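Beneath this line is the structure, given in structure tokens, with notes to follow.
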Amino acid sequence: MPADPLIRLRALCLALPESSEKVAWGAPTFRVRDKLFAMYASADNHHGAGRPGVWIKATPANQALLVDDDPTRYFKPPYVGPSGWIGVWLDKRPPWSAVQSLLEDGFRQAAPKKLLAAIEATRAGSGRRIHG
């Protein structure tokens, strides 16, 4: 596992169909057709508050469940938290399979419906998850 969590996060995000990376607000953000679904929060800037993390598009219900279940791992991020986004701390052995699932969910929320339909049609019958 890479020491820098951004390396692993970037690989997971960019494995999603038509995803891209763009620096915004001084941080790497991950998008599908220019719609934001995740943002890296470095430990070195105000977004990370001294710990590396990722902010992922989510629903308010999922955010509440995760934060209530494990507030040492999940948090309500500033700025986007009121919209339901979930923050995940990426230090102290992050749960990468859970991060991947959250990224896929965030991707689905941000992706245009036509793109999702095309992805599902291509993968029908394969039993593969959205990331490939």
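Chains: A, B, ... in order of the structure tokens. Residues: from 1 per chain. Ligands: from 1, in order shown.
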
Requested in this report: For Ser101 (chain A), list every protein, DNA or RNA residue within 12 Å, evaluated using only C-alpha atoms, and leave out those in the same chain fewer than 2 positions away; present the list as a list in words.
Outcome: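 Listed by chain and then number, they are Leu12, Cys13, Leu16, Ile56, Lys57, Ala58, Pro95, Trp96, Ser97, Ala98, Val99, Leu103, Glu104, Asp105, Gly106, Phe107, Arg108, Arg129, Ile130 and His131 of chain A.
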
Would you save the residues of that selection, restricted to C-alpha atoms, as a compact mmCIF listing (two decimals), in the first residue's frame?
# COMPACT_ATOMS: atom_id res chain seq x y z
CA LEU A 12 -9.65 4.24 -7.34
CA CYS A 13 -11.25 7.42 -8.67
CA LEU A 16 -14.26 4.82 -12.79
CA ILE A 56 -17.27 11.97 -1.18
CA LYS A 57 -20.68 12.85 -2.59
CA ALA A 58 -23.30 10.99 -0.55
CA PRO A 95 -10.91 0.82 5.01
CA TRP A 96 -10.12 0.97 1.28
CA SER A 97 -12.93 -1.39 0.26
CA ALA A 98 -15.43 0.89 2.03
CA VAL A 99 -13.80 3.96 0.43
CA LEU A 103 -16.61 6.46 -4.34
CA GLU A 104 -18.73 4.29 -6.62
CA ASP A 105 -21.90 5.58 -4.95
CA GLY A 106 -20.71 9.18 -5.25
CA PHE A 107 -19.82 8.59 -8.89
CA ARG A 108 -23.33 7.23 -9.57
CA ARG A 129 -19.05 -3.74 -10.43
CA ILE A 130 -19.00 -0.26 -11.91
CA HIS A 131 -15.23 0.20 -11.51

Query raised in the report: Quick one: residues within 12 Å of Ser42 (chain A), only C-alpha atoms counted, chain neighbours fewer than 5 positions away excluded, as number ranges by chain?
Result: A: 4-6, 9, 25-29, 47-55, 88-91

Query - Residue list (helix (DSSP H, G or I), DSSP) for region 6-97 of chain A, as a list of chain:residue names - result: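 Reading the DSSP output for region 6-97 of chain A, helix (DSSP H, G or I) covers A:Leu6, A:Ile7, A:Arg8, A:Leu9, A:Arg10, A:Ala11, A:Leu12, A:Cys13, A:Leu14, A:Pro60, A:Ala61, A:Asn62, A:Gln63, A:Ala64, A:Leu65, A:Leu66, A:Val67, A:Asp68, A:Asp69, A:Gly81, A:Pro82, A:Ser83, A:Trp96, A:Ser97.
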
Report task. Point out the residue among A:Ala61, A:Ile7, A:Leu102, A:Leu115 with the least atom-to-atom distance to Gly84 (chain A), counting only C-alpha atoms. Result -> A:Ala61

Requested in this report: Can you work out the spacing between CA of Lys22 (chain A) and CA of Asn45 (chain A) in Å, to one decimal?
Outcome: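 Computed distance, CA of Lys22 (chain A) to CA of Asn45 (chain A), equals 17.1 Å.
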